[in-house]
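A short worksheet on the structure shown next.
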4 protein chains.
Amino acid sequence: MNGAFFGDMLQSISDRGRKLLDRTLSRRPDSVTRSADFVVLCDDLLSGRGEASGVALAREILNRYATLTTGPRVAFFEALAQRFGPDRERMDKAIAAWQADPNDATAAEVHHAAEPRRQELFRRLNLAPGGTAALVRMREQLLDAMAHRDDFKVVDADFVHLFSSWFNRGFLVLRSIDWSTPANILEKLIKHEAVHKIRSWDDLRRRIDPSDRCCFAFFHPALNDEPLIFVEVALTDDIPGAIEPILAAKRDTLEADKVDTAVFYSISNCQRGLAGVSFGNFLIKQVVEEISKDNAKLQTFVTLSPVPGFASWLNRERTSGSSRALTQNDIDALANLDIEGWWQVPETREPVEEPLMRAAAWYFLYAKSPRGLPIDPVARFHLGNGARLEKMHFLADSSENGMKQAYGVMVNYLYDLDDIEKNHEAFAENRVVVTANAIRKMARPGPTGDVVPLANKA
Amino acid sequence: MNGAFFGDMLQSISDRGRKLLDRTLSRRPDSVTRSADFVVLCDDLLSGRGEASGVALAREILNRYATLTTGPRVAFFEALAQRFGPDRERMDKAIAAWQADPNDATAAEVHHAAEPRRQELFRRLNLAPGGTAALVRMREQLLDAMAHRDDFKVVDADFVHLFSSWFNRGFLVLRSIDWSTPANILEKLIKHEAVHKIRSWDDLRRRIDPSDRCCFAFFHPALNDEPLIFVEVALTDDIPGAIEPILAAKRDTLEADKVDTAVFYSISNCQRGLAGVSFGNFLIKQVVEEISKDNAKLQTFVTLSPVPGFASWLNRERTSGSSRALTQNDIDALANLDIEGWWQVPETREPVEEPLMRAAAWYFLYAKSPRGLPIDPVARFHLGNGARLEKMHFLADSSENGMKQAYGVMVNYLYDLDDIEKNHEAFAENRVVVTANAIRKMARPGPTGDVVPLANKA
Amino acid sequence: MNGAFFGDMLQSISDRGRKLLDRTLSRRPDSVTRSADFVVLCDDLLSGRGEASGVALAREILNRYATLTTGPRVAFFEALAQRFGPDRERMDKAIAAWQADPNDATAAEVHHAAEPRRQELFRRLNLAPGGTAALVRMREQLLDAMAHRDDFKVVDADFVHLFSSWFNRGFLVLRSIDWSTPANILEKLIKHEAVHKIRSWDDLRRRIDPSDRCCFAFFHPALNDEPLIFVEVALTDDIPGAIEPILAAKRDTLEADKVDTAVFYSISNCQRGLAGVSFGNFLIKQVVEEISKDNAKLQTFVTLSPVPGFASWLNRERTSGSSRALTQNDIDALANLDIEGWWQVPETREPVEEPLMRAAAWYFLYAKSPRGLPIDPVARFHLGNGARLEKMHFLADSSENGMKQAYGVMVNYLYDLDDIEKNHEAFAENRVVVTANAIRKMARPGPTGDVVPLANKA
Amino acid sequence: MNGAFFGDMLQSISDRGRKLLDRTLSRRPDSVTRSADFVVLCDDLLSGRGEASGVALAREILNRYATLTTGPRVAFFEALAQRFGPDRERMDKAIAAWQADPNDATAAEVHHAAEPRRQELFRRLNLAPGGTAALVRMREQLLDAMAHRDDFKVVDADFVHLFSSWFNRGFLVLRSIDWSTPANILEKLIKHEAVHKIRSWDDLRRRIDPSDRCCFAFFHPALNDEPLIFVEVALTDDIPGAIEPILAAKRDTLEADKVDTAVFYSISNCQRGLAGVSFGNFLIKQVVEEISKDNAKLQTFVTLSPVPGFASWLNRERTSGSSRALTQNDIDALANLDIEGWWQVPETREPVEEPLMRAAAWYFLYAKSPRGLPIDPVARFHLGNGARLEKMHFLADSSENGMKQAYGVMVNYLYDLDDIEKNHEAFAENRVVVTANAIRKMARPGPTGDVVPLANKA
């Protein structure tokens with residue numbers, strides 16, 4: 001599909017429409033960049049004037065939006081929240097009709113009347129060339145503003161609803177990324193890699209060019225050359241226990257006939273504005289299928305994952321005075337963690353290992369949020385996809401970040417296609433954390449009443 | 001975008017999930033192809049079981065749907081209408097909450113509760129590989145069934161709502177069609193051309209290969225190689241007054257430097273299942289822009305259009321006994337139309353011409369539907385796009401169909417980019433039929449109180 | 001590679017250069033389209049004037065050549081033969097230098113001096129946009145003219161030399177042809193199919209669209225959208241013994257998992273101007289590899305081939321009075337062949353079968369040209385590629401052409417990749433016709449001293 | 001064209017053939033990597049064994065060649081020079097036949113006999129997958145070896161002859177290079193930029209991504225993803241007088257409607273192995289046409305070029321004792337050039353300017369090689385293309401390299417499409433250096449008898 005070509009055309013058709021608009025706008029006071037004027041323009045757009053000027057008006061609104069500074073932007077969000085909600089009068093009328101005669105037609109009118117007017121506004125803004133990308137950026141800025149404004153949540157919900165429909169998995173396209181991928185796409189990988197920072201184009205090349213490395217991303221036809229999410233994969237002959245050998249600048253490429261394991265060592269979202277629209281689980285499963293086709297000998301699909309919540313949880317346990325996860329001996333031994341460079345000398349490293357890994361096992365099995373889910377976000381993601389927590393590794397990531405967030409611990413989640421569904425259901429319905437037996441055995445007893453993990457093969 | 005590639009992958013991921021499903025299904029009684037079982041499967045899909053099996057389940061439902069005969073299919077539509085509407089209990093609860101405390105959150109819950117469950121069902125079916133195409137076909141069959149079942153309209157409304165979002169203009173791709181277009185796309189033009197039948201591959205080639213002919217179509221990323229709508233264009237040095245010279249098997253190609261007019265002589269939809277989702281107006285406007293870029297000398301954009309409602313309207317007028325459009329002399333002269341081959345001999349042709357064309361002028365200006373719109377559907381389409389009725393032609397289409405539907409009359413609608421918006425608004429807001437003055441002058445007086453056409457340039 | 005894009009550019013650069021040329025040419029008498037003037041233009045081109053005007057000049061010559069009628073064209077070929085041979089004076093000088101001091105440098109000068117000036121002329125004409133295609137067409141016309149003019153052979157040899165270098169296999173691109181191939185390419189298949197005529201677009205579609213049919217062609221980057229040669233393949237579960245079932249309008253598609261045989265049933269060249277530049281053997285071998293990759297179960301690669309020289313050879317034998325291939329009984333039985341529709345009734349068909357097939361065996365094994373090669377051109381091609389004559393079929397092609405050229409006989413040549421090389425060498429070095437034993441046993445004794453076929457597996 | 005696809009296939013077909021070869025080779029002594037064995041393999045390849053093993057043999061030779069160390073490589077070149085020249089016996093026989101009866105046939109045999117056998121060897125090596133690239137690399141290594149071995153020139157001449165035919169301009173494809181070009185191509189620009197080093201990916205991006213910068217390269221179908229030559233272009237509103245503003249990290253992009261000049265500021269070859277096969281002049285002319293199409297307002301096409309031979313020529317003049325180009329006053333003033341950082345302070349910079357630029361004018365006009373051509377290689381290239389030396393600039397390139405080779409001087413060559421041909425011919429035929437009058441006036445008188453430059457417009 002020739003997106004650029006299409007874009008050009010949209011541009012020109014709306015250029016013409018814009019002239020018409022400009023005539024109209026020029027009759028207004030100058031201050032059209034104030035948020036009040038946006039509201040007027042948005043009302044115009046919703047009022048359903050002609051389609052050609054509709055496209056032009058949408059473009060105008062998005063162009064002017066792009067120039068707003070923070071203040072007017074927040075004012076615009078306020079207007080969206082307060083003035084583009086459902087039409088309450090129409091709602092009440094529709095409800096009255098429904099209550100008088102509850103049928104499909106009156107129900108449909110309730111449905112339409114209760115739809116926030118924002119949704120239609122966003123749909124019309126989406127007609128502008130580049131409209132989808134502009135709306136994704138708008139939501140990014142809304143998310144920033146939401147940090148302080150709970151009243152913007154209603155606006156956000158409408159974005160999520162529309163984006164979920166527009167970024168429906170059926171419209172996503174999986175593309176393999178390698179060293180012959182256009183540079184303007186590759187630079188976005190460098191920018192958005194969130195797990196193990198890509199330090200340079202050489203570093204990037206090492207991750208996508210060798211025959212034992214691959215990378216895949218989802219794209220959407222309306223977001224030209226913008227990856228939505230990508231995953232980096234190492235093909236190996238063993239389940240890896242540390243990240244450094246994978247990212248090493250100098251290493252030998254593994255011959256194709258020795259490969260039997262695919263390691264997903266990094267998954268990153270590229271569009272903050274699409275937060276909450278889930279593609280990650282589709283991505284992993286499709287990539288599993290895709291690389292299986294080219295590598296018949298692949299048998300094991302596994303991640304090498306960070307444990308982002310572990311260090312802060314452990315520190316709380318160490319100081320809580322009433323830890324179920326740690327004995328006093330453990331706490332004493334783990335005091336070594338407070339010594340600078342503890343992992344570099346045996347004196348401080350060795351006493352730490354056993355209690356640290358035992359604590360990690362407890363963390364995965366029993367450290368739960370109020371809703372009963374693992375507090376570790378990466379664990380929630382992979383277990384929710386139906387993976388099994390397979391192995392834990394001591395000192396697997398001694399980068400600054402790895403030490404800070406997890407005292408160097410990394411883990412493998414195993415995607416066993418025969419068990420994914422069963423695991424997923426156990427997790428979704430009963431919050432069962434499916435782990436290898438070895439990990440369960442390692443942990444101290446969990447809280448009474450916690451879900452007993454299912455027996456499993458490992 | 002590599003649709004085929006993507007399709008393969010979806011296929012394989014859901015193949016695996018399907019195995020899981022098959023195990024489940026095999027525990028059920030055999031009769032899963034009965035519509036009752038569909039309802040069970042659809043309920044399962046909506047109940048939100050695991051995502052991998054969700055894709056497999058969606059695929060299963062669509063595959064089985066494809067094998068249904070008419071009876072079970074209608075039973076399935078009944079179930080969609082009756083059992084997958086809004087959740088009334090939830091609605092009543094939401095309404096009560098809203099009435100107790102009308103705010104954005106309670107309004108949102110009313111909105112969600114009132115959404116027919118069909119919509120979410122269709123969204124989930126759309127996750128299957130080829131799901132979009134399957135749903136478009138499902139609606140085609142629904143449209144057939146609706147001929148006898150008014151209760152299916154609620155189902156249809158949900159299709160239209162979702163398709164309008166999925167086939168949003170921002171996701172459509174315009175592609176030029178010519179003799180280097182893949183044959184599997186070209187054969188769809190042959191199949192779907194609705195205005196002037198394409199008789200053979202040679203006929204097709206004459207319409208798209210010469211340098212003074214072009215063709216454009218809209219495509220959607222989820223419907224591989226399936227044009228949605230296409231328009232055929234002749235580049236000429238004059239506004240044409242008949243279709244035959246344009247379609248002639250032998251004619252000279254006009255040299256590029258003599259071209260100053262683009263004639264849109266056929267627009268056809270290819271997807272009956274997308275009826276009601278409008279792309280035609282976007283198509284014409286984009287094609288105008290597109291061909292303008294390549295032909296700087298193009299000044300005139302005009303259709304050569306059929307008048308599908310004219311003959312039957314005229315016959316009613318001739319026999320009504322109280323026609324405002326025709327005098328008795330007209331009626332007498334038009335009696336020649338009942339003579340076989342009237343247009344082939346001067347004796348019957350000549351008396352017809354003047355009253356026929358005068359009647360046509362009246363037809364366009366004053367023959368209105370109860371809602372005040374022109375009864376001619378092609379007129380409604382082009383006038384609604386902002387075009388102007390520019391010229392009318394006697395004996396412009398003497399094909400069997402042309403004679404039958406319009407006694408050979410064809411017309412030109414002119415797209416003048418500077419007036420489109422103004423015309424569109426005049427039509428949309430005041431139902432003004434914008435025509436060349438010559439046509440207005442030609443017609444007998446219209447009904448008292450009819451909208452007075454605006455003065456215009458022509 | 002974007003050939004069209006590239007072509008546009010060449011066009012424009014030489015447009016400008018042409019203006020310069022036109023100024024020059026306009027100083028000459030008008031009669032530049034006479035062949036004499038061509039010679040002047042060609043001399044100018046060879047004289048190495050500026051490169052920009054060189055391109056323009058090349059284009060001018062080719063444009064004017066394209067307008068020549070037969071007479072001037074032949075005069076031009078005469079000029080090529082007589083005036084653009086080697087520079088004899090330079091040759092004699094170079095030879096004298098070589099004879100005085102035979103070394104690499106003097107040898108090189110002999111080589112260059114002896115090169116016909118035509119070769120450099122053709123190289124320079126090839127700089128014009130579309131030059132390669134124009135030269136291929138020029139040679140087509142030369143081949144026509146050669147029918148009567150032996151003196152043009154020297155010109156032809158230079159074409160073959162250059163085309164062999166330009167159409168080097170390393171520069172050819174194999175492309176799969178199917179129903180999604182552009183129509184402008186497909187129509188060339190219809191035009192050039194030389195073995196089993198393609199009767200319509202429907203017939204074409206039956207040959208390339210079903211999953212058990214495929215087609216491949218070689219292309220060259222300088223000949224946009226022009227296939228050079230193509231092969232049609234049927235995937236079957238048996239070695240076929242007749243062409244009609246393969247070409248049948250109605251037949252069931254064979255399921256992919258039942259396919260074990262690939263049948264090459266038609267190979268056609270598209271460029272008569274490239275006659276003598278061999279690609280056929282490369283094509284078959286590459287297609288074998290290509291389809292093997294997609295169909296792991298394919299085990300047998302076989303042709304279903306016509307026997308174009310059989311009927312005329314047999315008729316000579318029947319009437320020669322001294323046939324070694326036929327007994328008198330054979331000759332008597334074969335007299336039935338002279339009866340109209342002999343194959344349609346058992347009375348004439350049955351007596352023919354045994355002697356006809358026995359004669360065919362003799363034909364393949366012993367009917368040789370003066371150079372000791374099989375007189376059948378298709379046999380020479382496949383045996384030369386290393387294939388083995390595997391089976392012969394009675395009444396395998398009862399089309400008019402099949403009856404006329406071979407009394408309905410068709411044969412299979414088997415490509416066994418393990419034997420290709422050995423077979424090829426036996427044929428190339430010792431003219432051994434490798435056949436299945438069954439065929440050898442069937443034939444009457446061959447001429448004394450004929451090469452004894454190698455024992456082989458069959 | 002799908003080069004990679006095609007490559008795969010060639011690979012597999014020759015894999016099979018290679019097995020056959022291996023059987024043969026294994027009967028030979030082990031030492032096949034010695035150059036003697038190459039000669040045997042090359043003789044085998046020339047002896048015309050079967051085509052399938054021919055491809056395999058060619059691949060084998062190239063693979064083994066790739067592993068050779070310098071010694072055996074030189075030995076192989078020796079064998080090429082000594083053992084694969086023309087067949088002298090055949091030559092003498094052919095010459096005798098020609099002398100007995102000089103006609104086209106005997107001349108043709110002289111031509112063929114005198115062709116070095118290397119040429120056919122290279123043609124056959126070119127059948128291997130990747131053969132063209134391997135031969136280009138082989139010539140690179142030959143060029144290195146030639147530094148010490150005049151006897152290898154004959155081998156080199158054969159490479160140049162074949163490459164000129166294979167890299168015929170008609171087979172080259174011009175492609176625009178920008179930030180959406182695949183990274184594996186872009187890295188080759190970084191590697192091969194020879195004029196103004198590209199320091200990083202950021203530097204590269206600044207040269208190809210902004211809308212007022214562009215870049216074009218020639219590609220060849222047989223060298224996948226390998227640019228042959230590329231040119232970097234800045235779009236400006238003035239003829240630039242220095243390189244730094246063009247390469248600056250921070251600068252404003254010029255708006256499209258202000259652009260009227262295209263500046264070719266860097267042309268680099270990427271394939272040392274293709275030295276002597278000229279594409280540069282075609283490249284510039286095609287790029288002129290290409291960018292003209294997109295920028296109707298472009299009027300001026302000009303280079304900003306280095307003067308690589310100036311400093312060393314000037315230093316010779318300053319010390320020769322008999323310079324015609326410099327007066328004694330000039331020599332005294334130019335002594336400042338020997339002071340470190342002379343250009344950074346007015347005291348040393350100002351006295352230098354006038355005599356330096358005057359000397360530069362003399363250098364361009366009168367400093368000639370023994371063959372009468374300008375000694376400056378960049379001047380030879382552009383003047384040979386028909387450009388005019390338009391302007392000279394003082395301190396236009398103060399990079400280390402710019403100072404070292406030309407004391408900071410840069411110049412503009414102007415490509416005026418109306419004069420290119422005339423200029424080219426004046427230069428080619430009469431060695432006229434076409435310059436702006438201002439430059440001619442600036443220079444001291446040239447040597448008596450030097451070609452008087454034509455009057456020209458400037």
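Every chain in the structure tokens takes a letter, A first, then B, and so on in the order presented; its residues are numbered from 1, and the ligands are numbered from 1 following the presented order.
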Output the contact residues of chain B with respect to chain C at a cut-off of 7 Å, based on only C-alpha atoms, as a PDB file with N, CA and C atoms, in the first residue's frame.
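Written file, selection-v5.pdb:
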ATOM      1  N   TRP B 179      -3.441  -1.293 -17.183  1.00  0.00           N
ATOM      2  CA  TRP B 179      -3.226  -2.606 -17.792  1.00  0.00           C
ATOM      3  C   TRP B 179      -2.079  -3.372 -17.135  1.00  0.00           C
ATOM      4  N   SER B 180      -1.314  -2.707 -16.271  1.00  0.00           N
ATOM      5  CA  SER B 180      -0.277  -3.426 -15.531  1.00  0.00           C
ATOM      6  C   SER B 180      -0.774  -3.815 -14.137  1.00  0.00           C
ATOM      7  N   THR B 181      -2.036  -3.658 -13.875  1.00  0.00           N
ATOM      8  CA  THR B 181      -2.619  -4.098 -12.605  1.00  0.00           C
ATOM      9  C   THR B 181      -2.799  -5.617 -12.639  1.00  0.00           C
ATOM     10  N   PRO B 182      -2.602  -6.288 -11.486  1.00  0.00           N
ATOM     11  CA  PRO B 182      -2.767  -7.738 -11.460  1.00  0.00           C
ATOM     12  C   PRO B 182      -4.141  -8.183 -11.975  1.00  0.00           C
ATOM     13  N   ALA B 183      -4.133  -9.296 -12.685  1.00  0.00           N
ATOM     14  CA  ALA B 183      -5.354  -9.789 -13.312  1.00  0.00           C
ATOM     15  C   ALA B 183      -6.438 -10.106 -12.288  1.00  0.00           C
ATOM     16  N   ASN B 184      -6.050 -10.565 -11.092  1.00  0.00           N
ATOM     17  CA  ASN B 184      -7.083 -10.922 -10.114  1.00  0.00           C
ATOM     18  C   ASN B 184      -7.837  -9.690  -9.619  1.00  0.00           C
TER      19      ASN B 184
END
Would you give me, as an MDAnalysis selection string, the residues in segment 134-309 of chain A that DSSP reads as strand (DSSP E or B)?
chainID A and resid 173:176 182 213:220 223 229:236 261:269 300:303 305
May I have the selected residues written with C-alpha atoms, as a short mmCIF file (atom, residue, chain, number, x, y, z; two decimals), in the first residue's frame?
data_model
loop_
_atom_site.label_atom_id
_atom_site.label_comp_id
_atom_site.auth_asym_id
_atom_site.auth_seq_id
_atom_site.Cartn_x
_atom_site.Cartn_y
_atom_site.Cartn_z
CA VAL A 173 0.80 -5.84 10.02
CA LEU A 174 3.77 -7.74 11.35
CA ARG A 175 7.05 -6.89 9.68
CA SER A 176 10.48 -8.33 10.16
CA PRO A 182 14.76 1.81 6.21
CA ARG A 213 19.26 -12.40 15.84
CA CYS A 214 15.90 -11.15 14.69
CA CYS A 215 13.36 -8.49 15.39
CA PHE A 216 9.70 -8.02 14.57
CA ALA A 217 7.33 -5.10 14.85
CA PHE A 218 3.65 -4.39 14.38
CA PHE A 219 2.69 -1.55 12.04
CA HIS A 220 -0.64 0.06 11.22
CA LEU A 223 0.76 5.31 10.88
CA ILE A 229 5.66 -2.30 19.34
CA PHE A 230 8.70 -4.45 18.66
CA VAL A 231 10.39 -7.47 20.08
CA GLU A 232 14.06 -8.42 19.86
CA VAL A 233 14.92 -12.10 19.64
CA ALA A 234 18.14 -14.05 20.08
CA LEU A 235 18.39 -17.53 18.61
CA THR A 236 20.49 -19.70 20.89
CA THR A 261 15.83 -21.86 21.36
CA ALA A 262 14.35 -18.43 20.67
CA VAL A 263 14.87 -15.88 23.41
CA PHE A 264 12.64 -12.81 23.58
CA TYR A 265 14.91 -10.47 25.46
CA SER A 266 13.22 -7.13 24.90
CA ILE A 267 9.71 -5.94 24.11
CA SER A 268 9.10 -2.23 23.78
CA ASN A 269 6.11 -0.10 22.94
CA THR A 300 11.92 -23.65 23.10
CA PHE A 301 10.46 -20.14 23.24
CA VAL A 302 11.51 -18.27 26.27
CA THR A 303 12.04 -14.74 27.47
CA SER A 305 13.11 -10.72 31.39
#
Need the shell around segment 312-329 of chain C: protein/DNA/RNA residues with any atom at most 10 Å away, counting only C-alpha atoms. Skip same-chain ones fewer than 3 positions apart. Format as a PDB file with N, CA and C atoms, in the first residue's frame?
ATOM      1  N   PRO C 308       7.895 -32.977 -32.568  1.00  0.00           N
ATOM      2  CA  PRO C 308       7.528 -32.224 -33.765  1.00  0.00           C
ATOM      3  C   PRO C 308       8.023 -32.821 -35.081  1.00  0.00           C
ATOM      4  N   GLY C 309       9.103 -33.588 -35.050  1.00  0.00           N
ATOM      5  CA  GLY C 309       9.612 -34.083 -36.338  1.00  0.00           C
ATOM      6  C   GLY C 309       9.144 -35.482 -36.702  1.00  0.00           C
ATOM      7  N   ASP C 332       2.568 -51.522 -43.982  1.00  0.00           N
ATOM      8  CA  ASP C 332       1.187 -51.822 -44.356  1.00  0.00           C
ATOM      9  C   ASP C 332       0.223 -51.345 -43.263  1.00  0.00           C
ATOM     10  N   ALA C 333       0.572 -51.663 -42.030  1.00  0.00           N
ATOM     11  CA  ALA C 333      -0.318 -51.267 -40.937  1.00  0.00           C
ATOM     12  C   ALA C 333      -0.432 -49.744 -40.845  1.00  0.00           C
ATOM     13  N   LEU C 334       0.707 -49.090 -41.050  1.00  0.00           N
ATOM     14  CA  LEU C 334       0.723 -47.628 -40.887  1.00  0.00           C
ATOM     15  C   LEU C 334      -0.006 -46.916 -42.023  1.00  0.00           C
ATOM     16  N   ALA C 335      -0.358 -47.655 -43.060  1.00  0.00           N
ATOM     17  CA  ALA C 335      -1.148 -47.049 -44.138  1.00  0.00           C
ATOM     18  C   ALA C 335      -2.476 -46.520 -43.600  1.00  0.00           C
ATOM     19  N   LEU C 337      -2.822 -44.642 -41.258  1.00  0.00           N
ATOM     20  CA  LEU C 337      -2.645 -43.231 -40.882  1.00  0.00           C
ATOM     21  C   LEU C 337      -3.159 -42.290 -41.961  1.00  0.00           C
ATOM     22  N   PRO C 355       3.001 -50.764 -34.236  1.00  0.00           N
ATOM     23  CA  PRO C 355       4.089 -50.329 -35.135  1.00  0.00           C
ATOM     24  C   PRO C 355       4.418 -48.844 -35.006  1.00  0.00           C
ATOM     25  N   LEU C 356       3.423 -48.020 -34.725  1.00  0.00           N
ATOM     26  CA  LEU C 356       3.691 -46.577 -34.585  1.00  0.00           C
ATOM     27  C   LEU C 356       4.637 -46.331 -33.409  1.00  0.00           C
ATOM     28  N   ARG C 358       6.612 -48.436 -31.952  1.00  0.00           N
ATOM     29  CA  ARG C 358       7.937 -49.033 -32.225  1.00  0.00           C
ATOM     30  C   ARG C 358       8.752 -48.117 -33.139  1.00  0.00           C
ATOM     31  N   ALA C 359       8.071 -47.544 -34.121  1.00  0.00           N
ATOM     32  CA  ALA C 359       8.766 -46.606 -35.011  1.00  0.00           C
ATOM     33  C   ALA C 359       9.244 -45.382 -34.231  1.00  0.00           C
ATOM     34  N   ALA C 360       8.423 -44.946 -33.298  1.00  0.00           N
ATOM     35  CA  ALA C 360       8.813 -43.777 -32.502  1.00  0.00           C
ATOM     36  C   ALA C 360      10.078 -44.080 -31.699  1.00  0.00           C
ATOM     37  N   ALA C 361      10.140 -45.280 -31.146  1.00  0.00           N
ATOM     38  CA  ALA C 361      11.339 -45.647 -30.386  1.00  0.00           C
ATOM     39  C   ALA C 361      12.568 -45.574 -31.281  1.00  0.00           C
ATOM     40  N   TRP C 362      12.438 -46.094 -32.507  1.00  0.00           N
ATOM     41  CA  TRP C 362      13.559 -46.058 -33.453  1.00  0.00           C
ATOM     42  C   TRP C 362      13.931 -44.600 -33.787  1.00  0.00           C
ATOM     43  N   TYR C 363      12.893 -43.809 -33.972  1.00  0.00           N
ATOM     44  CA  TYR C 363      13.092 -42.387 -34.303  1.00  0.00           C
ATOM     45  C   TYR C 363      13.956 -41.689 -33.251  1.00  0.00           C
ATOM     46  N   TYR C 366      17.658 -43.574 -33.192  1.00  0.00           N
ATOM     47  CA  TYR C 366      18.574 -43.695 -34.319  1.00  0.00           C
ATOM     48  C   TYR C 366      18.397 -42.657 -35.416  1.00  0.00           C
ATOM     49  N   ALA C 367      17.314 -41.904 -35.406  1.00  0.00           N
ATOM     50  CA  ALA C 367      17.149 -40.931 -36.487  1.00  0.00           C
ATOM     51  C   ALA C 367      18.005 -39.706 -36.171  1.00  0.00           C
ATOM     52  N   ILE C 375      17.287 -36.002 -34.752  1.00  0.00           N
ATOM     53  CA  ILE C 375      16.685 -35.000 -35.638  1.00  0.00           C
ATOM     54  C   ILE C 375      15.521 -34.297 -34.955  1.00  0.00           C
ATOM     55  N   ASP C 376      15.019 -34.857 -33.886  1.00  0.00           N
ATOM     56  CA  ASP C 376      13.903 -34.190 -33.220  1.00  0.00           C
ATOM     57  C   ASP C 376      14.424 -33.029 -32.372  1.00  0.00           C
ATOM     58  N   LYS C 404      -0.946 -33.745 -36.738  1.00  0.00           N
ATOM     59  CA  LYS C 404      -0.202 -33.422 -37.936  1.00  0.00           C
ATOM     60  C   LYS C 404       1.309 -33.638 -37.754  1.00  0.00           C
ATOM     61  N   GLN C 405       1.818 -33.243 -36.611  1.00  0.00           N
ATOM     62  CA  GLN C 405       3.268 -33.304 -36.469  1.00  0.00           C
ATOM     63  C   GLN C 405       3.743 -34.636 -35.906  1.00  0.00           C
ATOM     64  N   ALA C 406       2.892 -35.354 -35.203  1.00  0.00           N
ATOM     65  CA  ALA C 406       3.398 -36.566 -34.548  1.00  0.00           C
ATOM     66  C   ALA C 406       2.367 -37.676 -34.478  1.00  0.00           C
ATOM     67  N   TYR C 407       1.351 -37.662 -35.275  1.00  0.00           N
ATOM     68  CA  TYR C 407       0.305 -38.690 -35.199  1.00  0.00           C
ATOM     69  C   TYR C 407      -0.147 -38.914 -33.762  1.00  0.00           C
ATOM     70  N   ALA C 443      12.516 -50.822 -29.826  1.00  0.00           N
ATOM     71  CA  ALA C 443      12.908 -50.433 -31.182  1.00  0.00           C
ATOM     72  C   ALA C 443      13.556 -51.583 -31.944  1.00  0.00           C
ATOM     73  N   ARG C 444      13.398 -51.587 -33.224  1.00  0.00           N
ATOM     74  CA  ARG C 444      14.162 -52.497 -34.075  1.00  0.00           C
ATOM     75  C   ARG C 444      15.636 -52.111 -33.995  1.00  0.00           C
ATOM     76  N   PRO C 445      16.505 -52.995 -34.444  1.00  0.00           N
ATOM     77  CA  PRO C 445      17.933 -52.672 -34.352  1.00  0.00           C
ATOM     78  C   PRO C 445      18.267 -51.390 -35.110  1.00  0.00           C
ATOM     79  N   GLY C 446      19.194 -50.633 -34.568  1.00  0.00           N
ATOM     80  CA  GLY C 446      19.595 -49.389 -35.208  1.00  0.00           C
ATOM     81  C   GLY C 446      20.700 -49.629 -36.214  1.00  0.00           C
ATOM     82  N   PRO C 447      21.185 -48.564 -36.836  1.00  0.00           N
ATOM     83  CA  PRO C 447      22.263 -48.681 -37.811  1.00  0.00           C
ATOM     84  C   PRO C 447      23.515 -49.229 -37.132  1.00  0.00           C
TER      85      PRO C 447
END
Two-atom distance - atom CA of Val345 of chain A, atom CA of Ile439 of chain A (Å)
26.4 Å
Can you tell me, as a PyMOL selection string, what residues are no more than 6 Å from segment 89-93 of chain D when counting only C-alpha atoms, ignoring any on the same chain fewer than 3 positions away?
chain D and resi 96+113-114
